[in-house]
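Working notes, structure below.
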Amino acid sequence: MRQAGRYLPEFREFRTKHEFFEICRNPEMACEITLQPIRRFDLDAAIIFSDILVIPQAMGVDVKMVAGKGLEFDNLLKSPEDIDRLNCTFDIKKELGYVFDAITVTRHKLEGKVPLIGFSGAPWTLMSYMIEGGSSSTSSKAKRWLYAHPEASQRLLQALTDIIIEYLVGQVMAGAQALQLFESNAGILGHSLFSKFSLPYIRQISTRVKARLAEQSITAVPMIVFAKDAHFALEELSQSGYEVMGLDWTVKPQNARRLSGATVTLQGNMDPCALYAPKESIGKIVKEMVSKFGTQRYIANLGHGMYPDMDPEAVKAFVDAVHEHSAAMNASN
Ligand SMILES: Cc1c2[nH]c(c1CCC(=O)O)Cc1[nH]c(c(CCC(=O)O)c1C)Cc1[nH]c(c(CCC(=O)O)c1C)Cc1[nH]c(c(C)c1CCC(=O)O)C2
């Protein structure tokens with residue numbers, strides 16, 4: 001559950017004492033925050049506490065979390081010449097080794113109770129943050145690059161892809177048992193730009209991560225691709241080399257099943273805002289979702305991240321309803 005920590009009082013309490021990226025860089029603290037939801041709820045997996053923006057940071061785009069204001073950026077990319085001042089060939093272990101350490105510490109602390117998921121942002125989403133410096137309703141500054149400077153855009157996307165591959169392989173070597181790739185800004189592209197500036201890199205990442213792991217005789221881990229609002233590309237995404245395809249809440253489960261065929265596992269996709277509903281309604285919404293996806297080749301989840309004003313009790317209602325309804329369905333099959 002992305003950026004989920006903020007709805008937990010214990011996370012907010014921790015944040016009064018420590019800055020966000022300070023927590024990311026400190027393996028013990030990152031481990032502690034990762035475990036908070038695991039202690040509270042009967043969850044089936046943990047996701048390492050970190051952020052997709054640690055890669056842009058390591059490349060030289062300053063990202064800070066400013067109290068009361070949110071993310072603030074410095075050194076944003078304004079024109080293609082700015083790519084040259086980025087650090088595209090840094091030593092991953094040196095710059096991002098703190099994430100690997102956090103994974104190793106957390107994997108030990110979990111003691112096999114639930115698997116640990118590592119993650120990265122996908123190239124286009126990272127590129128758009130490096131240009132826009134935050135969320136934008138149009139992403140027009142970043143999209144301008146794709147139309148006005150397509151070659152420079154591809155150069156940047158390729159540099160990000162190479163880094164992401166090393167970063168994900170390093171996470172598996174550190175102990176991650178599954179990997180999720182977040183293409184959070186996919187929807188803004190539409191089919192044509194997505195085919196050219198997102199999908200080829202998403203494919204490269206799955207293919208090359210698997211090859212790198214095989215080369216080093218490391219057992220492969222399941223890979224999850226989540227391209228938000230990419231309803232136009234579900235068929236292609238389901239064939240892009242990932243075991244699991246994450247779905248946002250706008251997708252109809254039956255359509256996703258039809259388009260993705262028989263081998264891909266689907267993950268999602270309750271509207272996070274359904275957590276504002278009364279508990280009994282959450283139970284009904286979950287029941288409908290699970291019965292549409294079925295209990296096989298399915299990971300129950302939300303369709304995107306949670307908001308800070310959501311009630312932890314609603315999360316409990318969601319998790320418990322998933323277990324209750326899937327167990328009932330399995331028993332009657
Ligand atoms: C786009 C994106 C980001 N970060 C991430 C994405 C992809 C998922 C998505 O589509 O949302 C991914 C992410 N970010 C975080 C996680 C770890 C798991 C978790 O704690 O939920 C994960 C998987 C922690 C976080 N990342 C962030 C928080 C909140 C930090 C805080 O305010 O204390 C957490 C727990 C901050 C963050 N980081 C980002 C945003 C937009 C924000 C919110 C900033 C704001 O509110 O102004 C970038």
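All residue names refer to the structure tokens as shown: chains lettered A, B, ... in order, residues numbered from 1 in each chain, ligands numbered from 1 in order.
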| task | Just the residues within 10 Å of region 11-15 of chain A, please, counting only C-alpha atoms, with nothing from its chain fewer than 3 positions along; format it as a list in words. | result |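 Once the adjacent positions are removed, what remains is Ala4, Gly5, Arg6, Tyr7, Leu8, His18, Glu19, Phe20, Glu22, Ile23, Met29, Glu32, Ile33, Thr34, Gln36, Pro37, Ala67 and Pro308 of chain A.
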Now that the selection is made, can you save its residues with N, CA and C atoms as a PDB file, in the first residue's frame?
```
ATOM      1  N   ALA A   4       1.671   4.454   2.354  1.00  0.00           N
ATOM      2  CA  ALA A   4       0.572   4.097   3.228  1.00  0.00           C
ATOM      3  C   ALA A   4       0.811   4.534   4.657  1.00  0.00           C
ATOM      4  N   GLY A   5       2.068   4.654   5.026  1.00  0.00           N
ATOM      5  CA  GLY A   5       2.401   4.899   6.424  1.00  0.00           C
ATOM      6  C   GLY A   5       1.649   6.046   7.063  1.00  0.00           C
ATOM      7  N   ARG A   6       1.330   7.043   6.254  1.00  0.00           N
ATOM      8  CA  ARG A   6       0.817   8.276   6.842  1.00  0.00           C
ATOM      9  C   ARG A   6      -0.492   8.141   7.597  1.00  0.00           C
ATOM     10  N   TYR A   7      -1.273   7.102   7.331  1.00  0.00           N
ATOM     11  CA  TYR A   7      -2.556   6.945   8.036  1.00  0.00           C
ATOM     12  C   TYR A   7      -2.372   6.310   9.421  1.00  0.00           C
ATOM     13  N   LEU A   8      -1.121   5.843   9.701  1.00  0.00           N
ATOM     14  CA  LEU A   8      -0.895   5.180  10.989  1.00  0.00           C
ATOM     15  C   LEU A   8      -0.371   6.170  12.029  1.00  0.00           C
ATOM     16  N   HIS A  18      11.855  12.301  13.061  1.00  0.00           N
ATOM     17  CA  HIS A  18      12.813  12.040  11.990  1.00  0.00           C
ATOM     18  C   HIS A  18      12.288  12.494  10.634  1.00  0.00           C
ATOM     19  N   GLU A  19      13.193  13.044   9.852  1.00  0.00           N
ATOM     20  CA  GLU A  19      12.850  13.489   8.495  1.00  0.00           C
ATOM     21  C   GLU A  19      12.668  12.244   7.612  1.00  0.00           C
ATOM     22  N   PHE A  20      11.830  12.381   6.576  1.00  0.00           N
ATOM     23  CA  PHE A  20      11.468  11.229   5.745  1.00  0.00           C
ATOM     24  C   PHE A  20      12.680  10.507   5.149  1.00  0.00           C
ATOM     25  N   GLU A  22      15.743  10.711   5.989  1.00  0.00           N
ATOM     26  CA  GLU A  22      16.608  10.201   7.064  1.00  0.00           C
ATOM     27  C   GLU A  22      16.155   8.777   7.429  1.00  0.00           C
ATOM     28  N   ILE A  23      14.850   8.565   7.474  1.00  0.00           N
ATOM     29  CA  ILE A  23      14.327   7.222   7.794  1.00  0.00           C
ATOM     30  C   ILE A  23      14.702   6.252   6.668  1.00  0.00           C
ATOM     31  N   MET A  29      15.705   2.119  11.093  1.00  0.00           N
ATOM     32  CA  MET A  29      14.456   2.898  11.096  1.00  0.00           C
ATOM     33  C   MET A  29      13.543   2.461   9.962  1.00  0.00           C
ATOM     34  N   GLU A  32      11.878  -0.668  10.961  1.00  0.00           N
ATOM     35  CA  GLU A  32      10.824  -0.438  11.956  1.00  0.00           C
ATOM     36  C   GLU A  32       9.526   0.037  11.272  1.00  0.00           C
ATOM     37  N   ILE A  33       9.657   0.998  10.346  1.00  0.00           N
ATOM     38  CA  ILE A  33       8.449   1.520   9.678  1.00  0.00           C
ATOM     39  C   ILE A  33       7.822   0.443   8.777  1.00  0.00           C
ATOM     40  N   THR A  34       8.658  -0.379   8.165  1.00  0.00           N
ATOM     41  CA  THR A  34       8.125  -1.466   7.328  1.00  0.00           C
ATOM     42  C   THR A  34       7.267  -2.408   8.159  1.00  0.00           C
ATOM     43  N   GLN A  36       5.595  -1.777  10.948  1.00  0.00           N
ATOM     44  CA  GLN A  36       4.424  -1.216  11.653  1.00  0.00           C
ATOM     45  C   GLN A  36       3.089  -1.801  11.171  1.00  0.00           C
ATOM     46  N   PRO A  37       2.801  -1.772   9.856  1.00  0.00           N
ATOM     47  CA  PRO A  37       1.507  -2.342   9.440  1.00  0.00           C
ATOM     48  C   PRO A  37       1.434  -3.864   9.628  1.00  0.00           C
ATOM     49  N   ALA A  67       8.495  19.735   5.913  1.00  0.00           N
ATOM     50  CA  ALA A  67       7.378  19.592   6.867  1.00  0.00           C
ATOM     51  C   ALA A  67       6.224  20.515   6.487  1.00  0.00           C
ATOM     52  N   PRO A 308      -3.731  10.060   4.042  1.00  0.00           N
ATOM     53  CA  PRO A 308      -3.428  10.180   5.474  1.00  0.00           C
ATOM     54  C   PRO A 308      -4.657  10.184   6.378  1.00  0.00           C
TER      55      PRO A 308
END
```
Residues of region 53-161 of chain A at most 12 Å from region 220-234 of chain A: nearest atom pair and distance in Å, only C-alpha atoms, as CSV:
```
residue,atom,partner,partner_atom,distance
A:Pro115,CA,A:Val221,CA,10.9
A:Leu116,CA,A:Val221,CA,10.9
A:Ile117,CA,A:Met223,CA,9.5
A:Gly118,CA,A:Met223,CA,9.7
A:Phe119,CA,A:Ile224,CA,9.1
A:Ser120,CA,A:Val225,CA,10.2
A:Gly121,CA,A:Phe226,CA,9.7
A:Ala122,CA,A:Ala227,CA,8.9
A:Pro123,CA,A:Ala227,CA,11.5
A:Trp124,CA,A:Ala227,CA,10.5
A:Thr125,CA,A:Ala227,CA,9.6
```
| remark: In Å and to one decimal, CA of Leu35 (chain A) is distant from CA of Gly268 (chain A) by 21.5 Å
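Backbone DSSP over region 156-304 of chain A gives strand (DSSP E or B) for Ala178, Leu179, Gln180, Leu181, Phe182, Glu183, Met223, Ile224, Val225, Phe226, Ala227, Val244, Met245, Gly246, Thr265, Leu266, Gln267, Gly268, Asn269, Met270, Tyr298, Ile299, Ala300, Asn301 and Leu302 of chain A.
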Next, dump the selected residues to file, keeping only C-alpha atoms, as a PDB file, in the first residue's frame.
```pdb
ATOM      1  CA  ALA A 178       9.290 -10.097  -5.022  1.00  0.00           C
ATOM      2  CA  LEU A 179       9.768  -6.857  -6.976  1.00  0.00           C
ATOM      3  CA  GLN A 180       7.198  -4.263  -7.938  1.00  0.00           C
ATOM      4  CA  LEU A 181       7.707  -1.675 -10.658  1.00  0.00           C
ATOM      5  CA  PHE A 182       5.597   1.480 -10.315  1.00  0.00           C
ATOM      6  CA  GLU A 183       4.708   3.270 -13.548  1.00  0.00           C
ATOM      7  CA  MET A 223       7.858  -9.423 -10.652  1.00  0.00           C
ATOM      8  CA  ILE A 224       4.823  -7.140 -10.497  1.00  0.00           C
ATOM      9  CA  VAL A 225       4.150  -4.331 -12.961  1.00  0.00           C
ATOM     10  CA  PHE A 226       1.734  -1.601 -11.925  1.00  0.00           C
ATOM     11  CA  ALA A 227       1.048   0.979 -14.613  1.00  0.00           C
ATOM     12  CA  VAL A 244       1.817 -10.179 -11.867  1.00  0.00           C
ATOM     13  CA  MET A 245      -0.060  -7.208 -13.307  1.00  0.00           C
ATOM     14  CA  GLY A 246      -1.325  -4.619 -10.813  1.00  0.00           C
ATOM     15  CA  THR A 265      -1.653 -13.140 -11.783  1.00  0.00           C
ATOM     16  CA  LEU A 266      -3.738 -10.014 -11.245  1.00  0.00           C
ATOM     17  CA  GLN A 267      -3.322  -7.666  -8.288  1.00  0.00           C
ATOM     18  CA  GLY A 268      -5.705  -4.992  -7.075  1.00  0.00           C
ATOM     19  CA  ASN A 269      -7.939  -3.108  -7.288  1.00  0.00           C
ATOM     20  CA  MET A 270     -10.334  -1.730  -4.675  1.00  0.00           C
ATOM     21  CA  TYR A 298      -5.030 -13.210  -7.666  1.00  0.00           C
ATOM     22  CA  ILE A 299      -3.497 -10.879  -5.049  1.00  0.00           C
ATOM     23  CA  ALA A 300      -6.113  -8.793  -3.261  1.00  0.00           C
ATOM     24  CA  ASN A 301      -5.006  -5.207  -2.863  1.00  0.00           C
ATOM     25  CA  LEU A 302      -6.112  -1.624  -3.270  1.00  0.00           C
TER      26      LEU A 302
END
```
| query | Any idea what the distance is between CA of Glu324 (chain A) and CA of Glu280 (chain A)? | reply |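 Going from CA of Glu324 (chain A) over to CA of Glu280 (chain A), I get 12.9 Å.
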| Protein and nucleic acid residues within 6 Å of ligand 1 (only C-alpha atoms and all ligand atoms) as a PyMOL selection string | chain A and resi 1-6+20+47-52+70-71+182+184+305
| Expected answer as a PyMOL selection string: helix (DSSP H, G or I) residues in region 42-154 of chain A | chain A and resi 54-59+80-85+92-110+123-132+140-148+150-154
| query | Can you tell me how far CA of Ser128 (chain A) sits from CA of Glu166 (chain A), in Å to one decimal? | reply |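 Distance between the two atoms: 20.6 Å.
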| Out of A:Gly187, A:Gly241, A:Gly60, A:Gly294, which residue has the shortest atom-to-atom distance to Lys210 (chain A) when counting only C-alpha atoms? | A:Gly241
